[in-house]
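A.B. asks: run-v1.pdb is reproduced in full below (PDB, C-alpha atoms).
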ATOM      1  CA  MET A  85     -15.272  32.026  15.606
ATOM      2  CA  ASP A  86     -11.529  32.736  15.790
ATOM      3  CA  GLU A  87     -10.351  36.128  14.517
ATOM      4  CA  ALA A  88      -8.537  34.800  11.439
ATOM      5  CA  PRO A  89      -9.550  31.810   9.305
ATOM      6  CA  TYR A  90      -7.540  28.650   9.701
ATOM      7  CA  GLU A  91      -5.445  27.626   6.755
ATOM      8  CA  CYS A  92      -6.814  24.090   6.975
ATOM      9  CA  ALA A  93      -9.592  22.400   8.906
ATOM     10  CA  ILE A  94      -9.171  18.637   9.267
ATOM     11  CA  VAL A  95     -12.345  16.704   9.995
ATOM     12  CA  GLY A  96     -11.335  13.477  11.739
ATOM     13  CA  GLY A  97      -8.667  12.813  14.340
ATOM     14  CA  GLY A  98      -7.689   9.249  13.499
ATOM     15  CA  VAL A  99      -4.236   8.359  12.212
ATOM     16  CA  ALA A 100      -4.902   9.878   8.759
ATOM     17  CA  GLY A 101      -6.081  13.175  10.211
ATOM     18  CA  LEU A 102      -3.274  13.314  12.782
ATOM     19  CA  SER A 103      -0.679  12.480  10.132
ATOM     20  CA  ALA A 104      -1.973  15.385   8.045
ATOM     21  CA  ALA A 105      -1.957  17.670  11.085
ATOM     22  CA  LEU A 106       1.654  16.755  11.836
ATOM     23  CA  VAL A 107       2.772  17.659   8.314
ATOM     24  CA  LEU A 108       0.815  20.932   8.330
ATOM     25  CA  GLY A 109       2.039  21.810  11.817
ATOM     26  CA  ARG A 110       5.616  21.373  10.717
ATOM     27  CA  ALA A 111       4.830  23.553   7.697
ATOM     28  CA  ARG A 112       3.670  26.254  10.138
ATOM     29  CA  ARG A 113       0.140  26.146   8.764
ATOM     30  CA  ARG A 114      -2.589  27.305  11.122
ATOM     31  CA  THR A 115      -4.621  24.102  11.391
ATOM     32  CA  ILE A 116      -7.546  22.798  13.418
ATOM     33  CA  VAL A 117      -8.462  19.132  13.905
ATOM     34  CA  VAL A 118     -12.129  18.496  14.668
ATOM     35  CA  ASP A 119     -12.853  15.033  16.034
ATOM     36  CA  GLU A 120     -15.785  13.331  17.717
ATOM     37  CA  GLY A 121     -13.604  10.882  19.626
ATOM     38  CA  HIS A 122     -15.087   7.593  18.403
ATOM     39  CA  PRO A 123     -12.679   5.898  15.975
ATOM     40  CA  ARG A 124     -13.738   2.822  14.013
ATOM     41  CA  ASN A 125     -11.306   0.620  15.941
ATOM     42  CA  GLU A 126     -12.072   1.905  19.453
ATOM     43  CA  THR A 127     -13.135  -1.586  20.631
ATOM     44  CA  VAL A 128     -10.126  -3.313  19.059
ATOM     45  CA  VAL A 129      -7.654  -4.721  21.582
ATOM     46  CA  HIS A 130      -4.522  -4.801  19.411
ATOM     47  CA  ALA A 131      -3.599  -3.120  16.124
ATOM     48  CA  HIS A 132      -1.199  -4.923  13.820
ATOM     49  CA  GLY A 133       0.938  -4.349  10.765
ATOM     50  CA  LEU A 134       2.466  -0.999  11.747
ATOM     51  CA  LEU A 135       6.259  -0.950  11.963
ATOM     52  CA  THR A 136       7.613  -0.192  15.467
ATOM     53  CA  ARG A 137       4.075  -0.402  16.911
ATOM     54  CA  ASP A 138       2.861  -3.902  15.992
ATOM     55  CA  GLY A 139       0.323  -5.086  18.576
ATOM     56  CA  ILE A 140      -0.254  -1.682  20.147
ATOM     57  CA  ALA A 141      -3.684  -0.792  21.517
ATOM     58  CA  PRO A 142      -5.331   1.629  19.039
ATOM     59  CA  ASN A 143      -6.206   4.146  21.762
ATOM     60  CA  GLU A 144      -2.589   4.186  22.938
ATOM     61  CA  LEU A 145      -1.417   4.760  19.362
ATOM     62  CA  LEU A 146      -3.734   7.765  19.028
ATOM     63  CA  GLU A 147      -2.524   9.191  22.342
ATOM     64  CA  ILE A 148       1.089   8.975  21.178
ATOM     65  CA  ALA A 149       0.193  10.542  17.833
ATOM     66  CA  ARG A 150      -1.685  13.422  19.471
ATOM     67  CA  ARG A 151       1.273  14.154  21.733
ATOM     68  CA  ASP A 152       3.492  14.336  18.652
ATOM     69  CA  VAL A 153       1.147  16.817  16.984
ATOM     70  CA  GLU A 154       0.538  18.891  20.126
ATOM     71  CA  ARG A 155       4.184  19.981  20.106
ATOM     72  CA  TYR A 156       3.395  22.260  17.159
ATOM     73  CA  PRO A 157       1.770  25.539  18.255
ATOM     74  CA  ASP A 158      -0.034  26.136  14.956
ATOM     75  CA  VAL A 159      -2.271  23.081  15.407
ATOM     76  CA  ARG A 160      -5.383  23.206  17.568
ATOM     77  CA  PHE A 161      -7.761  20.384  18.552
ATOM     78  CA  LEU A 162     -11.515  20.713  18.933
ATOM     79  CA  ARG A 163     -13.700  17.873  20.264
ATOM     80  CA  GLY A 164     -17.120  17.731  18.610
ATOM     81  CA  ARG A 165     -19.153  16.557  15.662
ATOM     82  CA  VAL A 166     -19.234  18.550  12.440
ATOM     83  CA  GLU A 167     -22.899  19.312  11.837
ATOM     84  CA  ALA A 168     -22.563  21.207   8.549
ATOM     85  CA  VAL A 169     -20.011  22.705   6.173
ATOM     86  CA  GLN A 170     -20.639  25.573   3.769
ATOM     87  CA  SER A 171     -18.408  27.239   1.210
ATOM     88  CA  VAL A 172     -18.679  30.986   1.835
ATOM     89  CA  GLU A 173     -16.610  33.493  -0.167
ATOM     90  CA  SER A 174     -13.708  31.085  -0.853
ATOM     91  CA  LEU A 175     -13.718  29.877   2.755
ATOM     92  CA  PHE A 176     -15.200  26.785   4.341
ATOM     93  CA  ARG A 177     -17.509  27.514   7.266
ATOM     94  CA  VAL A 178     -17.552  24.500   9.594
ATOM     95  CA  ASP A 179     -20.319  24.228  12.198
ATOM     96  CA  VAL A 180     -19.328  22.062  15.163
ATOM     97  CA  SER A 181     -21.678  20.753  17.830
ATOM     98  CA  GLY A 182     -21.293  22.615  21.103
ATOM     99  CA  ALA A 183     -19.007  25.267  19.620
ATOM    100  CA  ALA A 184     -19.103  28.371  17.470
ATOM    101  CA  PHE A 185     -18.419  27.851  13.793
ATOM    102  CA  ILE A 186     -14.886  27.985  12.424
ATOM    103  CA  GLU A 187     -13.605  29.105   9.023
ATOM    104  CA  ALA A 188     -10.764  27.663   6.965
ATOM    105  CA  ARG A 189      -9.203  28.205   3.555
ATOM    106  CA  ARG A 190      -8.888  24.486   2.921
ATOM    107  CA  LEU A 191     -10.826  21.449   4.142
ATOM    108  CA  LEU A 192      -9.422  17.936   4.598
ATOM    109  CA  LEU A 193     -11.849  15.074   5.216
ATOM    110  CA  ALA A 194     -10.289  12.243   7.217
ATOM    111  CA  ILE A 195     -13.610  11.004   8.559
ATOM    112  CA  GLY A 196     -12.974   7.288   8.167
ATOM    113  CA  VAL A 197     -15.624   4.685   7.472
ATOM    114  CA  ARG A 198     -18.147   2.619   9.388
ATOM    115  CA  ASP A 199     -18.937  -1.058   8.968
ATOM    116  CA  GLU A 200     -22.543  -2.000   8.272
ATOM    117  CA  ARG A 201     -22.698  -4.861  10.730
ATOM    118  CA  PRO A 202     -25.558  -7.370  10.631
ATOM    119  CA  PRO A 203     -28.026  -7.318  13.549
ATOM    120  CA  ILE A 204     -26.897 -10.561  15.177
ATOM    121  CA  ASP A 205     -27.271 -11.098  18.918
ATOM    122  CA  GLY A 206     -23.903 -11.076  20.656
ATOM    123  CA  LEU A 207     -21.969  -9.555  17.768
ATOM    124  CA  GLU A 208     -21.309  -6.143  19.296
ATOM    125  CA  ALA A 209     -19.774  -7.612  22.454
ATOM    126  CA  LEU A 210     -17.269  -9.559  20.339
ATOM    127  CA  TRP A 211     -16.563  -6.874  17.745
ATOM    128  CA  GLY A 212     -12.854  -6.174  17.423
ATOM    129  CA  LYS A 213     -12.024  -9.001  19.848
ATOM    130  CA  SER A 214     -12.957 -12.171  17.976
ATOM    131  CA  VAL A 215     -15.156 -10.781  15.188
ATOM    132  CA  PHE A 216     -13.238  -8.945  12.477
ATOM    133  CA  THR A 217     -13.249  -7.810   8.858
ATOM    134  CA  CYS A 218      -9.566  -7.673   7.844
ATOM    135  CA  PRO A 219      -7.438 -10.836   7.510
ATOM    136  CA  PHE A 220      -4.219  -8.808   7.313
ATOM    137  CA  CYS A 221      -5.022  -7.132  10.627
ATOM    138  CA  ASP A 222      -6.206 -10.173  12.568
ATOM    139  CA  GLY A 223      -5.702 -13.366  10.568
ATOM    140  CA  TYR A 224      -2.288 -14.199  12.017
ATOM    141  CA  GLU A 225      -3.632 -14.440  15.578
ATOM    142  CA  TYR A 226      -6.055 -17.163  14.392
ATOM    143  CA  ARG A 227      -3.616 -19.167  12.316
ATOM    144  CA  ASP A 228      -4.405 -22.892  12.270
ATOM    145  CA  ARG A 229      -7.563 -22.326  14.318
ATOM    146  CA  PRO A 230     -11.236 -22.852  13.396
ATOM    147  CA  ILE A 231     -12.732 -19.709  11.853
ATOM    148  CA  ALA A 232     -15.859 -18.760   9.936
ATOM    149  CA  VAL A 233     -16.582 -16.231   7.211
ATOM    150  CA  LEU A 234     -19.993 -14.570   6.953
ATOM    151  CA  GLY A 235     -21.196 -12.785   3.846
ATOM    152  CA  CYS A 236     -22.915 -13.002   0.488
ATOM    153  CA  ALA A 237     -21.746 -15.599  -2.045
ATOM    154  CA  ASN A 238     -18.747 -14.260  -4.000
ATOM    155  CA  ASP A 239     -17.560 -11.840  -1.305
ATOM    156  CA  ALA A 240     -17.570 -14.541   1.366
ATOM    157  CA  VAL A 241     -15.692 -17.039  -0.815
ATOM    158  CA  HIS A 242     -13.087 -14.468  -1.796
ATOM    159  CA  LEU A 243     -12.504 -13.571   1.861
ATOM    160  CA  ALA A 244     -12.226 -17.282   2.672
ATOM    161  CA  GLN A 245      -9.608 -17.642  -0.070
ATOM    162  CA  GLU A 246      -7.540 -14.914   1.579
ATOM    163  CA  LEU A 247      -7.929 -16.464   5.026
ATOM    164  CA  TYR A 248      -6.955 -19.909   3.729
ATOM    165  CA  ARG A 249      -3.350 -18.767   4.016
ATOM    166  CA  TRP A 250      -3.781 -18.596   7.794
ATOM    167  CA  SER A 251      -6.191 -21.456   8.463
ATOM    168  CA  ARG A 252      -7.472 -24.495   6.576
ATOM    169  CA  ASP A 253     -10.332 -24.967   9.037
ATOM    170  CA  ILE A 254     -12.820 -22.522   7.486
ATOM    171  CA  VAL A 255     -16.596 -22.605   7.217
ATOM    172  CA  VAL A 256     -18.280 -20.103   4.893
ATOM    173  CA  LEU A 257     -21.650 -18.886   6.144
ATOM    174  CA  CYS A 258     -23.767 -17.682   3.246
ATOM    175  CA  PRO A 259     -27.442 -17.300   4.207
ATOM    176  CA  GLU A 260     -28.254 -15.732   0.828
ATOM    177  CA  GLY A 261     -26.849 -15.572  -2.674
ATOM    178  CA  ALA A 262     -25.429 -19.097  -2.826
ATOM    179  CA  ALA A 263     -27.406 -19.872  -5.981
ATOM    180  CA  THR A 264     -25.424 -17.211  -7.866
ATOM    181  CA  LEU A 265     -22.021 -18.605  -6.902
ATOM    182  CA  PRO A 266     -19.914 -19.093 -10.056
ATOM    183  CA  GLU A 267     -18.534 -22.513 -10.897
ATOM    184  CA  ALA A 268     -14.948 -21.385 -10.265
ATOM    185  CA  GLU A 269     -15.775 -20.509  -6.638
ATOM    186  CA  ARG A 270     -17.633 -23.801  -6.162
ATOM    187  CA  ALA A 271     -14.632 -25.668  -7.541
ATOM    188  CA  TRP A 272     -12.314 -23.910  -5.093
ATOM    189  CA  LEU A 273     -14.556 -24.765  -2.123
ATOM    190  CA  ASP A 274     -14.409 -28.425  -3.114
ATOM    191  CA  ALA A 275     -10.665 -28.409  -3.738
ATOM    192  CA  ALA A 276      -9.903 -26.618  -0.457
ATOM    193  CA  GLY A 277     -12.297 -28.713   1.605
ATOM    194  CA  VAL A 278     -14.081 -25.579   2.780
ATOM    195  CA  THR A 279     -17.674 -26.123   3.894
ATOM    196  CA  MET A 280     -20.481 -23.699   3.041
ATOM    197  CA  ARG A 281     -23.558 -23.380   5.232
ATOM    198  CA  HIS A 282     -26.737 -21.486   4.307
ATOM    199  CA  GLU A 283     -28.726 -21.307   7.537
ATOM    200  CA  PRO A 284     -29.274 -17.749   8.859
ATOM    201  CA  VAL A 285     -27.208 -16.888  11.925
ATOM    202  CA  ARG A 286     -29.236 -16.181  15.075
ATOM    203  CA  ALA A 287     -26.539 -15.365  17.634
ATOM    204  CA  LEU A 288     -22.874 -15.409  18.531
ATOM    205  CA  ASN A 289     -22.147 -16.999  21.897
ATOM    206  CA  GLY A 290     -19.008 -16.317  23.856
ATOM    207  CA  GLY A 291     -17.534 -14.556  26.850
ATOM    208  CA  GLU A 292     -14.776 -12.073  27.714
ATOM    209  CA  GLY A 293     -14.439 -11.166  24.057
ATOM    210  CA  ARG A 294     -13.947 -14.745  22.899
ATOM    211  CA  LEU A 295     -16.270 -16.374  20.396
ATOM    212  CA  HIS A 296     -17.307 -19.902  21.347
ATOM    213  CA  THR A 297     -20.185 -20.938  19.090
ATOM    214  CA  ILE A 298     -22.212 -19.587  16.198
ATOM    215  CA  GLU A 299     -25.901 -20.335  16.690
ATOM    216  CA  PHE A 300     -28.189 -20.796  13.678
ATOM    217  CA  THR A 301     -31.934 -20.216  13.442
ATOM    218  CA  ASP A 302     -32.555 -23.952  13.098
ATOM    219  CA  GLY A 303     -31.098 -24.446  16.573
ATOM    220  CA  SER A 304     -27.803 -25.974  15.476
ATOM    221  CA  GLY A 305     -24.435 -24.568  16.469
ATOM    222  CA  LEU A 306     -20.904 -24.321  15.137
ATOM    223  CA  GLU A 307     -17.822 -24.047  17.332
ATOM    224  CA  ARG A 308     -15.445 -21.386  16.022
ATOM    225  CA  ASP A 309     -12.693 -19.246  17.499
ATOM    226  CA  ALA A 310     -13.207 -16.249  15.216
ATOM    227  CA  LEU A 311     -15.652 -14.827  12.686
ATOM    228  CA  PHE A 312     -14.676 -12.626   9.758
ATOM    229  CA  LEU A 313     -17.398 -10.470   8.183
ATOM    230  CA  CYS A 314     -17.835  -9.195   4.656
ATOM    231  CA  ALA A 315     -19.235  -5.883   5.893
ATOM    232  CA  ALA A 316     -20.299  -3.113   3.531
ATOM    233  CA  LEU A 317     -18.653   0.228   4.249
ATOM    234  CA  GLN A 318     -19.978   3.780   4.332
ATOM    235  CA  PRO A 319     -18.299   7.096   5.126
ATOM    236  CA  ALA A 320     -18.462   7.521   8.902
ATOM    237  CA  PHE A 321     -21.106  10.195   8.384
ATOM    238  CA  ASP A 322     -22.785  11.875   5.412
ATOM    239  CA  LEU A 323     -20.683  15.039   5.223
ATOM    240  CA  PRO A 324     -19.152  14.124   1.805
ATOM    241  CA  GLN A 325     -22.618  13.700   0.288
ATOM    242  CA  ARG A 326     -23.842  16.989   1.753
ATOM    243  CA  LEU A 327     -20.754  18.773   0.444
ATOM    244  CA  GLY A 328     -21.321  17.298  -3.017
ATOM    245  CA  CYS A 329     -18.159  15.174  -3.123
ATOM    246  CA  GLU A 330     -18.199  12.544  -5.845
ATOM    247  CA  LEU A 331     -18.378   8.987  -4.484
ATOM    248  CA  ASP A 332     -17.556   5.779  -6.334
ATOM    249  CA  ALA A 333     -19.726   2.656  -6.567
ATOM    250  CA  GLU A 334     -18.452   1.447  -3.172
ATOM    251  CA  ASN A 335     -19.116   4.801  -1.442
ATOM    252  CA  ARG A 336     -15.495   5.905  -1.267
ATOM    253  CA  ILE A 337     -14.696   9.572  -1.849
ATOM    254  CA  VAL A 338     -13.183   9.979  -5.297
ATOM    255  CA  VAL A 339      -9.845  11.828  -5.176
ATOM    256  CA  ASP A 340      -7.111  12.549  -7.693
ATOM    257  CA  ASP A 341      -3.383  11.882  -7.253
ATOM    258  CA  CYS A 342      -3.162  14.968  -5.030
ATOM    259  CA  HIS A 343      -6.057  13.796  -2.826
ATOM    260  CA  LYS A 344      -8.327  16.537  -4.181
ATOM    261  CA  THR A 345     -12.038  15.767  -4.170
ATOM    262  CA  SER A 346     -14.526  17.007  -6.761
ATOM    263  CA  VAL A 347     -15.239  20.006  -4.490
ATOM    264  CA  PRO A 348     -12.732  22.863  -4.985
ATOM    265  CA  HIS A 349     -10.175  23.220  -2.158
ATOM    266  CA  CYS A 350     -11.553  20.129  -0.401
ATOM    267  CA  TYR A 351      -9.254  17.136   0.140
ATOM    268  CA  ALA A 352      -9.782  13.655   1.564
ATOM    269  CA  ALA A 353      -7.504  11.002   3.054
ATOM    270  CA  GLY A 354      -7.495   7.708   4.921
ATOM    271  CA  ASP A 355      -9.942   4.814   4.838
ATOM    272  CA  VAL A 356     -12.640   6.899   3.159
ATOM    273  CA  VAL A 357     -10.634   7.055  -0.104
ATOM    274  CA  THR A 358      -9.275   3.499  -0.396
ATOM    275  CA  ARG A 359     -10.156  -0.164   0.018
ATOM    276  CA  ARG A 360      -6.768  -0.869   1.664
ATOM    277  CA  HIS A 361      -7.543  -0.254   5.316
ATOM    278  CA  GLN A 362      -4.185  -0.427   7.048
ATOM    279  CA  LEU A 363      -2.750   1.985   9.603
ATOM    280  CA  SER A 364       0.345   2.483   7.464
ATOM    281  CA  THR A 365      -1.639   3.393   4.336
ATOM    282  CA  ALA A 366      -3.872   5.781   6.309
ATOM    283  CA  ILE A 367      -0.835   7.547   7.766
ATOM    284  CA  ALA A 368       0.739   7.868   4.313
ATOM    285  CA  SER A 369      -2.526   9.081   2.826
ATOM    286  CA  GLY A 370      -2.861  11.824   5.441
ATOM    287  CA  ALA A 371       0.698  13.013   4.868
ATOM    288  CA  GLN A 372       0.254  13.091   1.088
ATOM    289  CA  ALA A 373      -2.991  15.037   1.367
ATOM    290  CA  ALA A 374      -1.388  17.555   3.726
ATOM    291  CA  ILE A 375       1.515  18.155   1.345
ATOM    292  CA  SER A 376      -1.012  18.794  -1.441
ATOM    293  CA  VAL A 377      -2.915  21.232   0.788
ATOM    294  CA  ASN A 378       0.311  23.088   1.533
ATOM    295  CA  ASP A 379       1.269  23.171  -2.166
ATOM    296  CA  ASP A 380      -2.165  24.581  -3.018
ATOM    297  CA  LEU A 381      -1.854  27.300  -0.380
ATOM    298  CA  VAL A 382       1.660  28.190  -1.574
ATOM    299  CA  GLU A 383       0.408  28.624  -5.152
ATOM    300  CA  GLU A 384      -2.410  30.872  -3.956
ATOM    301  CA  GLU A 385      -0.026  32.945  -1.846
ATOM    302  CA  VAL A 386       2.470  33.325  -4.711
ATOM    303  CA  ARG A 387      -0.279  34.564  -7.044
ATOM    304  CA  ALA A 388      -1.483  37.046  -4.426
ATOM    305  CA  MET A 389       2.062  38.321  -3.862
ATOM    306  CA  VAL A 390       2.572  38.910  -7.594
ATOM    307  CA  ARG A 391      -0.766  40.728  -7.885
ATOM    308  CA  ARG A 392       0.151  43.076  -5.018
ATOM    309  CA  ARG A 393       3.320  44.134  -6.864
TER     310      ARG A 393
END
Could you render the structure from this file as structure tokens?
C.D. replies:
Amino acid sequence: MDEAPYECAIVGGGVAGLSAALVLGRARRRTIVVDEGHPRNETVVHAHGLLTRDGIAPNELLEIARRDVERYPDVRFLRGRVEAVQSVESLFRVDVSGAAFIEARRLLLAIGVRDERPPIDGLEALWGKSVFTCPFCDGYEYRDRPIAVLGCANDAVHLAQELYRWSRDIVVLCPEGAATLPEAERAWLDAAGVTMRHEPVRALNGGEGRLHTIEFTDGSGLERDALFLCAALQPAFDLPQRLGCELDAENRIVVDDCHKTSVPHCYAAGDVVTRRHQLSTAIASGAQAAISVNDDLVEEEVRAMVRRR
């Protein structure tokens, strides 16, 4: 353990965590960023929608961001997985794999989320290359091309409605839940000329990151250039649950306008607090959370100064 507690420990070194670290470093707050080194988009070839960096490789973006943060001497980086966090005498004790524990006055969770991907042969090899979840991130590259949407009933139709702006050649794959589809969604499918298929998917066939055909369990196939999934999301690991953070019905960490969680002096930012998963919103979220952390520390320091007088 370091001699003095950190003022803030940030768990997660993606763009939200690095944005928070940048703000705290510039505020001269002694900060540590703990990161495992496996971001959600590590297999993605190009990231889109970020001003001045549209189309950049995600790993390159993180390298640039780390270099920005490393200029500030009050910020330290530690590679490892957080195994446990305890609140001990108004401090957070953070146990990191392969390292001694660290202590911090404030904790900021920027852990991101993970997609619950279906166990389909060939999917992992195409993930982030021609199999996606976000139309705003990847829809433009498949404009006017044949795509498919895979998911349960309402979710799949709603995603198809979003993607219809980019392509009219859409097939909705709904192996289950079609019987519960409301009449309004059925009417849209008919009006848009969007086909729905109900056979379970056996495999995705392709090469060099490109999807060629979707293979069904009945032996038939469907030629498509891209597949968009309605994937359920979970926090990247179960630290929020173990800390006792309140989660909403979709497993996001509940935060207030200052990014405070239900656990005192614990904050959260990035994809784990919102359904809008864009680089720009994650960066903004991290900065806002860091400003709130700094404000909280200032209030505590002012009270302590007054008491000493």
A.B. asks: Just want the 9 Å neighbourhood of range 139-145 of chain A, counted on all atoms listed in the file, with same-chain residues fewer than 2 positions away dropped. Output as a list of chain:residue names.
C.D. replies: A:Val99, A:Pro123, A:Asn125, A:Glu126, A:Thr127, A:Val128, A:Val129, A:His130, A:Ala131, A:His132, A:Gly133, A:Leu134, A:Arg137, A:Glu147, A:Ile148, A:Ala149, A:Arg150
A.B. asks: List the neighbours of Gln372 in chain A out to 9 Å using only C-alpha atoms; skip same-chain residues closer than 3 positions along the sequence, and give me the result as a PDB file with C-alpha atoms, in the coordinates of the input.
C.D. replies:
ATOM      1  CA  ALA A 104      -1.973  15.385   8.045  1.00  0.00           C
ATOM      2  CA  VAL A 107       2.772  17.659   8.314  1.00  0.00           C
ATOM      3  CA  CYS A 342      -3.162  14.968  -5.030  1.00  0.00           C
ATOM      4  CA  HIS A 343      -6.057  13.796  -2.826  1.00  0.00           C
ATOM      5  CA  ALA A 353      -7.504  11.002   3.054  1.00  0.00           C
ATOM      6  CA  ILE A 367      -0.835   7.547   7.766  1.00  0.00           C
ATOM      7  CA  ALA A 368       0.739   7.868   4.313  1.00  0.00           C
ATOM      8  CA  SER A 369      -2.526   9.081   2.826  1.00  0.00           C
ATOM      9  CA  ILE A 375       1.515  18.155   1.345  1.00  0.00           C
ATOM     10  CA  SER A 376      -1.012  18.794  -1.441  1.00  0.00           C
ATOM     11  CA  VAL A 377      -2.915  21.232   0.788  1.00  0.00           C
TER      12      VAL A 377
END
A.B. asks: Smallest atom-to-atom distance to Asp222 in chain A: which of A:Leu273, A:Leu311, A:Cys236, A:Ala287, using only C-alpha atoms?
C.D. replies: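 Nearest to Asp222 in chain A: A:Leu311.
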A.B. asks: For Ala183 in chain A, work out the shell of residues within 10 Å, counting only C-alpha atoms and skipping chain neighbours fewer than 5 positions away, then give it as a list in words.
C.D. replies: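 Here the answer would be Met85, Leu162, Arg163, Gly164, Arg165 and Val166 of chain A.
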A.B. asks: Can you write just those residues out, C-alpha atoms, as a JSON list (two decimals), in the coordinates of the input?
C.D. replies:
[["chain", "number", "residue", "atom", "x", "y", "z"],
["A", 85, "MET", "CA", -15.27, 32.03, 15.61],
["A", 162, "LEU", "CA", -11.52, 20.71, 18.93],
["A", 163, "ARG", "CA", -13.70, 17.87, 20.26],
["A", 164, "GLY", "CA", -17.12, 17.73, 18.61],
["A", 165, "ARG", "CA", -19.15, 16.56, 15.66],
["A", 166, "VAL", "CA", -19.23, 18.55, 12.44]]
A.B. asks: Counting all atoms listed in the file, note down every residue that has an atom within 8 Å of the point (-2.9, 26.0, 9.8) (file coordinates), as an NGL selection string.
C.D. replies: :A and (90-93 or 108-109 or 112-116 or 158-159)
A.B. asks: Write the residues of the selection above to a file with C-alpha atoms, as a PDB file, keeping the file's coordinate frame.
C.D. replies:
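What landed in part-v1.pdb:
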ATOM      1  CA  TYR A  90      -7.540  28.650   9.701  1.00  0.00           C
ATOM      2  CA  GLU A  91      -5.445  27.626   6.755  1.00  0.00           C
ATOM      3  CA  CYS A  92      -6.814  24.090   6.975  1.00  0.00           C
ATOM      4  CA  ALA A  93      -9.592  22.400   8.906  1.00  0.00           C
ATOM      5  CA  LEU A 108       0.815  20.932   8.330  1.00  0.00           C
ATOM      6  CA  GLY A 109       2.039  21.810  11.817  1.00  0.00           C
ATOM      7  CA  ARG A 112       3.670  26.254  10.138  1.00  0.00           C
ATOM      8  CA  ARG A 113       0.140  26.146   8.764  1.00  0.00           C
ATOM      9  CA  ARG A 114      -2.589  27.305  11.122  1.00  0.00           C
ATOM     10  CA  THR A 115      -4.621  24.102  11.391  1.00  0.00           C
ATOM     11  CA  ILE A 116      -7.546  22.798  13.418  1.00  0.00           C
ATOM     12  CA  ASP A 158      -0.034  26.136  14.956  1.00  0.00           C
ATOM     13  CA  VAL A 159      -2.271  23.081  15.407  1.00  0.00           C
TER      14      VAL A 159
END
A.B. asks: Applying the PyMOL selection byres ((chain A and resi 204-208) around 8) to the file I just gave you, which residues come out? Please list them as number ranges by chain.
C.D. replies: A: 202-203, 209-211, 215, 285-290
A.B. asks: For the file shown, what are the residues hit by the PyMOL selection byres ((chain A and resi 337) around 12), laid out as a PDB file with C-alpha atoms, in the frame of the given file?
C.D. replies:
ATOM      1  CA  LEU A 192      -9.422  17.936   4.598  1.00  0.00           C
ATOM      2  CA  LEU A 193     -11.849  15.074   5.216  1.00  0.00           C
ATOM      3  CA  ALA A 194     -10.289  12.243   7.217  1.00  0.00           C
ATOM      4  CA  ILE A 195     -13.610  11.004   8.559  1.00  0.00           C
ATOM      5  CA  GLY A 196     -12.974   7.288   8.167  1.00  0.00           C
ATOM      6  CA  VAL A 197     -15.624   4.685   7.472  1.00  0.00           C
ATOM      7  CA  LEU A 317     -18.653   0.228   4.249  1.00  0.00           C
ATOM      8  CA  GLN A 318     -19.978   3.780   4.332  1.00  0.00           C
ATOM      9  CA  PRO A 319     -18.299   7.096   5.126  1.00  0.00           C
ATOM     10  CA  ALA A 320     -18.462   7.521   8.902  1.00  0.00           C
ATOM     11  CA  ASP A 322     -22.785  11.875   5.412  1.00  0.00           C
ATOM     12  CA  LEU A 323     -20.683  15.039   5.223  1.00  0.00           C
ATOM     13  CA  PRO A 324     -19.152  14.124   1.805  1.00  0.00           C
ATOM     14  CA  GLN A 325     -22.618  13.700   0.288  1.00  0.00           C
ATOM     15  CA  LEU A 327     -20.754  18.773   0.444  1.00  0.00           C
ATOM     16  CA  GLY A 328     -21.321  17.298  -3.017  1.00  0.00           C
ATOM     17  CA  CYS A 329     -18.159  15.174  -3.123  1.00  0.00           C
ATOM     18  CA  GLU A 330     -18.199  12.544  -5.845  1.00  0.00           C
ATOM     19  CA  LEU A 331     -18.378   8.987  -4.484  1.00  0.00           C
ATOM     20  CA  ASP A 332     -17.556   5.779  -6.334  1.00  0.00           C
ATOM     21  CA  ALA A 333     -19.726   2.656  -6.567  1.00  0.00           C
ATOM     22  CA  GLU A 334     -18.452   1.447  -3.172  1.00  0.00           C
ATOM     23  CA  ASN A 335     -19.116   4.801  -1.442  1.00  0.00           C
ATOM     24  CA  ARG A 336     -15.495   5.905  -1.267  1.00  0.00           C
ATOM     25  CA  VAL A 338     -13.183   9.979  -5.297  1.00  0.00           C
ATOM     26  CA  VAL A 339      -9.845  11.828  -5.176  1.00  0.00           C
ATOM     27  CA  ASP A 340      -7.111  12.549  -7.693  1.00  0.00           C
ATOM     28  CA  HIS A 343      -6.057  13.796  -2.826  1.00  0.00           C
ATOM     29  CA  LYS A 344      -8.327  16.537  -4.181  1.00  0.00           C
ATOM     30  CA  THR A 345     -12.038  15.767  -4.170  1.00  0.00           C
ATOM     31  CA  SER A 346     -14.526  17.007  -6.761  1.00  0.00           C
ATOM     32  CA  VAL A 347     -15.239  20.006  -4.490  1.00  0.00           C
ATOM     33  CA  CYS A 350     -11.553  20.129  -0.401  1.00  0.00           C
ATOM     34  CA  TYR A 351      -9.254  17.136   0.140  1.00  0.00           C
ATOM     35  CA  ALA A 352      -9.782  13.655   1.564  1.00  0.00           C
ATOM     36  CA  ALA A 353      -7.504  11.002   3.054  1.00  0.00           C
ATOM     37  CA  GLY A 354      -7.495   7.708   4.921  1.00  0.00           C
ATOM     38  CA  ASP A 355      -9.942   4.814   4.838  1.00  0.00           C
ATOM     39  CA  VAL A 356     -12.640   6.899   3.159  1.00  0.00           C
ATOM     40  CA  VAL A 357     -10.634   7.055  -0.104  1.00  0.00           C
ATOM     41  CA  THR A 358      -9.275   3.499  -0.396  1.00  0.00           C
ATOM     42  CA  ARG A 359     -10.156  -0.164   0.018  1.00  0.00           C
TER      43      ARG A 359
END
A.B. asks: I'd like the residues picked by the PyMOL selection byres ((chain A and resi 243-249) around 12) written out as a ChimeraX atom specification, using the chain letters and numbers from the file.
C.D. replies: /A:216-242,250-258,269-270,272-273,275-280,310-315
